[in-house]
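Below is upload20.cif, holding mmCIF, C-alpha atoms.
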data_query
loop_
_atom_site.label_atom_id
_atom_site.label_comp_id
_atom_site.auth_asym_id
_atom_site.auth_seq_id
_atom_site.Cartn_x
_atom_site.Cartn_y
_atom_site.Cartn_z
CA MET G 1 44.36 -18.17 -156.95
CA LYS G 2 42.40 -17.85 -160.14
CA THR G 3 38.62 -18.03 -160.22
CA PRO G 4 37.33 -20.57 -162.73
CA ASN G 5 35.30 -19.12 -165.53
CA ASN G 6 33.59 -22.35 -166.50
CA PRO G 7 29.88 -22.19 -165.50
CA LYS G 8 29.84 -25.81 -164.44
CA THR G 9 32.90 -25.28 -162.30
CA LEU G 10 31.31 -22.21 -160.69
CA LEU G 11 28.20 -24.22 -159.89
CA ILE G 12 30.25 -26.93 -158.25
CA TYR G 13 32.12 -24.36 -156.13
CA SER G 14 28.85 -22.76 -155.08
CA ILE G 15 27.40 -26.09 -154.05
CA LEU G 16 30.53 -26.94 -152.07
CA LEU G 17 30.40 -23.59 -150.27
CA ILE G 18 26.75 -24.11 -149.36
CA ILE G 19 27.50 -27.61 -148.05
CA LEU G 20 30.47 -26.31 -146.05
CA ALA G 21 28.39 -23.48 -144.52
CA THR G 22 25.63 -25.91 -143.63
CA LEU G 23 28.11 -28.25 -141.96
CA LEU G 24 29.56 -25.34 -139.98
CA LEU G 25 26.11 -24.28 -138.80
CA LEU G 26 25.26 -27.82 -137.80
CA ALA G 27 28.55 -28.17 -135.93
CA LEU G 28 28.00 -24.86 -134.12
CA GLY G 29 24.49 -25.89 -133.14
CA PHE G 30 25.73 -29.23 -131.89
CA TYR G 31 28.50 -27.48 -129.92
CA GLN G 32 26.03 -25.11 -128.32
CA ARG G 33 23.67 -27.97 -127.42
CA THR G 34 26.47 -29.92 -125.78
CA MET G 35 27.55 -26.92 -123.65
CA PRO G 36 25.98 -26.53 -120.19
CA GLU G 37 22.99 -24.22 -120.09
CA GLY G 38 24.11 -20.66 -119.44
CA TYR G 39 27.72 -21.42 -120.39
CA PHE G 40 28.18 -18.43 -122.68
CA GLY G 41 26.38 -16.03 -120.37
CA LEU G 42 28.57 -17.22 -117.51
CA ARG G 43 31.74 -16.62 -119.53
CA LYS G 44 30.59 -13.11 -120.38
CA ALA G 45 29.81 -12.32 -116.75
CA ASN G 46 33.17 -13.75 -115.66
CA LYS G 47 34.99 -11.39 -118.04
CA LEU G 48 33.12 -8.46 -116.53
CA TYR G 49 34.12 -9.66 -113.06
CA GLU G 50 37.77 -9.88 -114.12
CA LYS G 51 37.54 -6.26 -115.27
CA GLU G 52 36.25 -5.39 -111.77
CA GLN G 53 32.89 -4.36 -113.23
CA TYR G 54 31.13 -6.09 -110.37
CA THR G 55 27.69 -4.51 -110.83
CA ASP G 56 27.53 -5.52 -114.50
CA ALA G 57 28.86 -8.97 -113.59
CA GLU G 58 26.08 -9.32 -111.01
CA VAL G 59 23.48 -8.58 -113.69
CA GLY G 60 25.07 -11.19 -115.96
CA TYR G 61 25.08 -13.89 -113.28
CA ARG G 62 21.46 -13.19 -112.45
CA ARG G 63 20.51 -13.61 -116.10
CA VAL G 64 22.24 -16.97 -116.16
CA ILE G 65 20.40 -18.01 -112.99
CA ASP G 66 17.08 -17.03 -114.57
CA LYS G 67 17.76 -19.55 -117.34
CA ALA G 68 19.75 -22.13 -115.37
CA THR G 69 18.56 -22.08 -111.77
CA GLN G 70 20.75 -25.01 -110.69
CA ASN G 71 24.00 -23.62 -112.05
CA PHE G 72 26.39 -23.80 -109.11
CA TYR G 73 28.99 -21.44 -110.59
CA ALA G 74 26.42 -18.76 -111.41
CA HIS G 75 25.29 -18.64 -107.76
CA TYR G 76 28.85 -18.89 -106.48
CA ASN G 77 30.21 -16.12 -108.71
CA LEU G 78 27.13 -13.99 -107.99
CA GLY G 79 28.09 -14.23 -104.33
CA ASN G 80 31.63 -13.11 -105.19
CA SER G 81 30.41 -10.09 -107.16
CA LEU G 82 28.05 -9.08 -104.32
CA PHE G 83 30.79 -9.47 -101.73
CA LYS G 84 33.03 -7.18 -103.80
CA GLN G 85 30.24 -4.60 -103.60
CA GLU G 86 30.27 -4.97 -99.79
CA LYS G 87 26.83 -6.61 -99.77
CA ALA G 88 27.74 -9.31 -97.26
CA GLU G 89 24.19 -10.41 -96.46
CA ASP G 90 23.21 -10.81 -100.14
CA ALA G 91 26.51 -12.52 -100.88
CA GLU G 92 25.91 -15.10 -98.15
CA ASN G 93 22.44 -15.84 -99.52
CA ALA G 94 23.98 -16.45 -102.95
CA TYR G 95 26.58 -18.81 -101.44
CA LEU G 96 23.88 -20.70 -99.59
CA GLN G 97 22.00 -21.14 -102.86
CA ALA G 98 25.22 -22.38 -104.48
CA LYS G 99 25.61 -24.86 -101.65
CA LYS G 100 22.36 -26.55 -102.72
CA TYR G 101 23.83 -27.37 -106.13
CA ALA G 102 27.43 -28.05 -105.12
CA ASP G 103 29.15 -31.34 -105.89
CA SER G 104 29.16 -33.26 -102.61
CA ASP G 105 32.18 -35.28 -103.79
CA ASN G 106 34.24 -32.20 -104.66
CA LYS G 107 35.95 -31.32 -101.36
CA LEU G 108 37.86 -28.39 -102.82
CA GLN G 109 34.64 -26.85 -104.09
CA GLN G 110 33.02 -27.33 -100.69
CA ALA G 111 36.07 -25.85 -98.92
CA HIS G 112 36.07 -22.71 -101.08
CA LEU G 113 32.36 -22.26 -100.51
CA LEU G 114 32.73 -22.52 -96.72
CA HIS G 115 35.68 -20.13 -96.84
CA ASN G 116 33.59 -17.50 -98.63
CA ILE G 117 30.64 -17.97 -96.27
CA GLY G 118 33.10 -17.42 -93.43
CA ASN G 119 34.17 -14.16 -95.07
CA THR G 120 30.58 -12.88 -95.16
CA GLU G 121 30.07 -13.74 -91.48
CA TYR G 122 33.33 -12.01 -90.59
CA ALA G 123 32.27 -8.90 -92.53
CA LYS G 124 29.00 -8.82 -90.53
CA GLY G 125 30.89 -9.12 -87.24
CA ASN G 126 29.67 -12.66 -86.53
CA TYR G 127 33.12 -13.91 -85.56
CA ALA G 128 31.95 -17.16 -83.97
CA GLU G 129 30.12 -18.20 -87.17
CA ALA G 130 33.05 -17.05 -89.29
CA ALA G 131 35.47 -19.18 -87.26
CA ARG G 132 33.15 -22.19 -87.51
CA ASN G 133 32.99 -21.97 -91.32
CA TYR G 134 36.76 -21.49 -91.60
CA ARG G 135 37.30 -24.53 -89.37
CA GLU G 136 35.02 -26.68 -91.52
CA SER G 137 36.80 -25.44 -94.63
CA LEU G 138 40.17 -26.42 -93.16
CA LEU G 139 38.89 -29.90 -92.41
CA LEU G 140 38.24 -30.30 -96.14
CA ASN G 141 41.35 -28.44 -97.29
CA PRO G 142 43.95 -28.40 -94.47
CA HIS G 143 46.70 -26.80 -96.57
CA ASP G 144 44.86 -23.54 -97.35
CA ASP G 145 47.00 -20.87 -95.66
CA GLU G 146 44.52 -18.08 -96.37
CA THR G 147 41.71 -19.97 -94.62
CA ARG G 148 44.01 -20.74 -91.69
CA TYR G 149 44.96 -17.07 -91.37
CA ASN G 150 41.30 -16.01 -91.51
CA PHE G 151 40.43 -18.60 -88.86
CA VAL G 152 43.07 -17.25 -86.46
CA LYS G 153 41.96 -13.67 -87.11
CA ALA G 154 38.32 -14.57 -86.44
CA MET G 155 39.26 -16.26 -83.15
CA GLN G 156 41.20 -13.17 -82.07
CA MET G 157 38.31 -10.88 -82.91
CA LEU G 158 35.95 -13.22 -81.05
CA GLN G 159 38.07 -12.94 -77.89
CA VAL G 160 38.12 -9.16 -78.18
CA ALA G 161 34.34 -9.06 -78.66
CA GLU G 162 33.75 -11.33 -75.66
CA GLY G 163 36.03 -9.16 -73.52
CA GLN G 164 34.15 -6.04 -74.53
CA GLN G 165 30.85 -7.76 -73.78
CA GLN G 166 32.04 -8.72 -70.30
CA GLU G 167 33.17 -5.14 -69.66
CA GLN G 168 29.79 -3.83 -70.77
CA GLN G 169 28.00 -6.29 -68.51
CA GLN G 170 30.22 -5.31 -65.57
CA ASP G 171 29.66 -1.62 -66.28
CA GLN G 172 25.92 -2.26 -66.44
CA GLN G 173 25.98 -4.13 -63.12
CA ASP G 174 28.04 -1.36 -61.51
CA GLY G 175 25.66 1.23 -62.89
CA GLU G 176 22.61 -0.65 -61.60
CA GLN G 177 24.23 -1.07 -58.17
CA LYS G 178 25.14 2.62 -58.03
CA GLU G 179 21.66 3.57 -59.15
CA GLY G 180 20.20 1.33 -56.44
CA GLU G 181 22.40 2.93 -53.80
CA GLN G 182 21.41 6.40 -54.97
CA LYS G 183 17.74 5.45 -54.86
CA GLU G 184 18.19 4.05 -51.35
CA GLN G 185 19.95 7.23 -50.20
CA GLN G 186 17.26 9.34 -51.79
CA GLN G 187 14.57 7.26 -50.10
CA GLN G 188 16.31 7.67 -46.75
CA GLN G 189 16.52 11.40 -47.29
CA ASN G 190 12.86 11.51 -48.24
CA ASP G 191 11.92 9.47 -45.18
CA SER G 192 14.04 11.73 -42.97
CA THR G 193 12.49 14.84 -44.47
CA GLN G 194 9.01 13.38 -44.11
CA ASN G 195 9.64 12.45 -40.46
CA ALA G 196 10.98 15.92 -39.76
CA GLU G 197 7.92 17.48 -41.35
CA GLN G 198 5.63 15.21 -39.34
CA GLN G 199 7.44 16.13 -36.13
CA GLU G 200 7.17 19.83 -36.95
CA MET G 201 3.46 19.44 -37.66
CA GLN G 202 2.95 17.51 -34.42
CA GLN G 203 4.88 20.10 -32.44
CA ALA G 204 2.89 22.85 -34.09
CA GLU G 205 -0.37 21.10 -33.21
CA GLU G 206 0.78 20.59 -29.62
CA SER G 207 1.83 24.23 -29.46
CA ASP G 208 -1.56 25.26 -30.79
CA ASN G 209 -3.26 23.05 -28.22
CA ASP G 210 -1.13 24.56 -25.41
CA ASP G 211 -1.92 28.07 -26.59
CA MET G 212 -5.56 27.18 -26.84
CA ASP G 213 -5.58 25.73 -23.30
CA LYS G 214 -3.85 28.80 -21.90
CA GLN G 215 -6.28 31.13 -23.61
CA THR G 216 -9.24 29.11 -22.37
CA ALA G 217 -7.91 29.11 -18.80
CA GLU G 218 -7.33 32.86 -18.88
CA GLN G 219 -10.82 33.44 -20.21
CA ILE G 220 -12.33 31.26 -17.50
CA LEU G 221 -10.23 32.98 -14.84
CA GLN G 222 -11.27 36.39 -16.07
CA ALA G 223 -14.90 35.31 -16.07
CA LEU G 224 -14.59 34.03 -12.49
CA GLU G 225 -12.91 37.23 -11.36
CA GLN G 226 -15.66 39.27 -12.97
CA ASP G 227 -18.32 37.13 -11.30
CA GLU G 228 -16.57 37.41 -7.97
CA GLN G 229 -16.19 41.17 -8.32
CA GLN G 230 -19.84 41.52 -9.26
CA THR G 231 -20.87 39.39 -6.27
CA MET G 232 -18.77 41.44 -3.86
CA GLU G 233 -20.25 44.65 -5.20
CA ASN G 234 -23.78 43.29 -4.80
CA MET G 235 -23.10 42.22 -1.20
CA GLN G 236 -21.62 45.57 -0.32
CA ARG G 237 -24.63 47.34 -1.66
CA GLN G 238 -26.97 45.10 0.38
CA GLN G 239 -24.99 45.54 3.65
CA GLY G 240 -24.43 49.17 3.32
CA GLY G 241 -21.05 48.90 2.10
CA LYS G 242 -19.80 46.59 4.94
CA THR G 243 -18.00 43.40 4.07
CA LYS G 244 -19.03 40.31 6.02
CA ARG G 245 -16.46 37.59 6.60
CA VAL G 246 -17.76 34.10 6.25
CA GLU G 247 -15.66 31.35 7.87
CA LYS G 248 -15.46 27.98 6.33
CA ASP G 249 -17.11 25.22 8.27
CA TRP G 250 -14.77 22.38 8.76
#
Written as structure tokens, that's how I'd like the structure from this file.
Amino acid sequence: MKTPNNPKTLLIYSILLIILATLLLLALGFYQRTMPEGYFGLRKANKLYEKEQYTDAEVGYRRVIDKATQNFYAHYNLGNSLFKQEKAEDAENAYLQAKKYADSDNKLQQAHLLHNIGNTEYAKGNYAEAARNYRESLLLNPHDDETRYNFVKAMQMLQVAEGQQQEQQQDQQDGEQKEGEQKEQQQQQNDSTQNAEQQEMQQAEESDNDDMDKQTAEQILQALEQDEQQTMENMQRQQGGKTKRVEKDW
């Protein structure tokens, strides 16, 4: 294509190019204004998520939320990126925020949201809550095989957990009963030992009393014998050494 050399023709081409560029800019601005707020940021974050760059995707979704707080998909996809990072608690909070801005007439959207909340509860070991969310999801979307499988798995894990809890309670009861029996046996042994010690002390006291009585009696007897001997000696000296017999007067 040849470029015109005529100055007038060049001027006309320049004006047409300026008009065309202006129209393109106006069209682009109109297109951007008609797009939902955060649309381009959401697309960028979604591409990062598809590349499994979940941390960078999380940052992107949070930026969208800062500008468009009520964007359901930003909260929902933020929950997905957090769940991929094994942050179940944070992921559930993001899903609950998404639930505030979900379309109440969109059953499929609601079902997917409940399914993902069930996944976070399952990851935290809350199998009863996980099963409840899966059940509600199936009520909205009965043909979802993945949700049905997760529901069955959660129910199985719930039964296992309940069985383990019952075993722990039984073990605790058995342990408390055994501990009570041991305490009772120990108390009986202590009582028996205490009684034996009391009996030994009592016997020792009685023995001491008996010894004391015997000693006292011997001392008294010795004193009487000494008095009697002294009396006899005095009488003999007075009577010249003769012993006088005194009969008892009946």
* **Residue with smallest distance to Ala91 (chain G) - pool G:Phe72, G:Glu184, G:Ala161, G:Asn116, counting all atoms listed in the file** =>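 Comparing G:Phe72, G:Glu184, G:Ala161, G:Asn116 against Ala91 (chain G), the winner is G:Asn116.
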* To do: Grab the CA of Thr69 (chain G) to CA of Lys107 (chain G) distance for me, in Å with one decimal place.
  =>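 Separation of CA of Thr69 (chain G) and CA of Lys107 (chain G): 22.3 Å.
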* Asked: What gap, in Å, lies between CA of Pro142 (chain G) and CA of Asn93 (chain G)?
  ->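 It comes out at 25.4 Å.
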Each residue of region 25-104 of chain G lying at most 12 Å from region 120-131 of chain G should get a row with its shortest atom-to-atom pair and the distance in Å to one decimal, counting all atoms listed in the file; could you produce that, ordered by chain and increasing number, as a tab-separated table?
residue	atom	partner	partner_atom	distance
G:Gly79	CA	G:Thr120	CA	9.6
G:Asn80	CA	G:Thr120	CA	10.1
G:Leu82	CA	G:Thr120	CA	10.2
G:Phe83	CA	G:Thr120	CA	7.4
G:Lys84	CA	G:Thr120	CA	10.6
G:Gln85	CA	G:Thr120	CA	11.8
G:Glu86	CA	G:Ala123	CA	8.5
G:Lys87	CA	G:Thr120	CA	8.6
G:Ala88	CA	G:Thr120	CA	5.0
G:Glu89	CA	G:Thr120	CA	7.0
G:Asp90	CA	G:Thr120	CA	9.1
G:Ala91	CA	G:Thr120	CA	7.0
G:Glu92	CA	G:Thr120	CA	6.0
G:Asn93	CA	G:Thr120	CA	9.7
G:Ala94	CA	G:Thr120	CA	10.8
G:Tyr95	CA	G:Thr120	CA	9.5
G:Leu96	CA	G:Thr120	CA	11.2
* Asked: For the atom pair CA of Ala45 (chain G) and CA of Ile65 (chain G), what is the interatomic distance in Å to one decimal place?
  ->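 A separation of 11.6 Å between them.
Once the PyMOL selection byres ((chain G and resi 54) around 10) is applied to this file, the selection holds Ala45, Asn46, Leu48, Tyr49, Glu50, Lys51, Glu52, Gln53, Thr55, Asp56, Ala57, Glu58, Val59, Gly60, Leu78, Asn80, Ser81, Leu82, Phe83, Lys84 and Gln85 of chain G.
Using all atoms listed in the file, the nearest neighbour of Gly41 (chain G) within the list G:Ala68, G:Ala98, G:Ile18, G:Met201 is G:Ala68.
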* **Output of the PyMOL selection byres ((chain G and resi 151) around 12), listed as a ChimeraX atom specification** => /G:114-116,118-119,121-122,127-139,142,144-150,152-158
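Considering only C-alpha atoms, the residue among G:Gln202, G:Ser104, G:Gln188, G:Gln97 positioned nearest to Tyr73 (chain G) is G:Gln97.
Among the candidate residues G:Gln187, G:Gln70, G:Asn77, G:Gln164, the one lying nearest to Arg43 (chain G) is G:Asn77, with distances computed using all atoms listed in the file.
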Hey, could you pull the box centre and edge lengths for region 71-74 of chain G, axis-aligned, 6 Å padding per side, all listed atoms, to one decimal in Å, as lines of an AutoDock Vina configuration file?
center_x = 26.5
center_y = -21.3
center_z = -110.6
size_x = 17.0
size_y = 17.0
size_z = 14.9
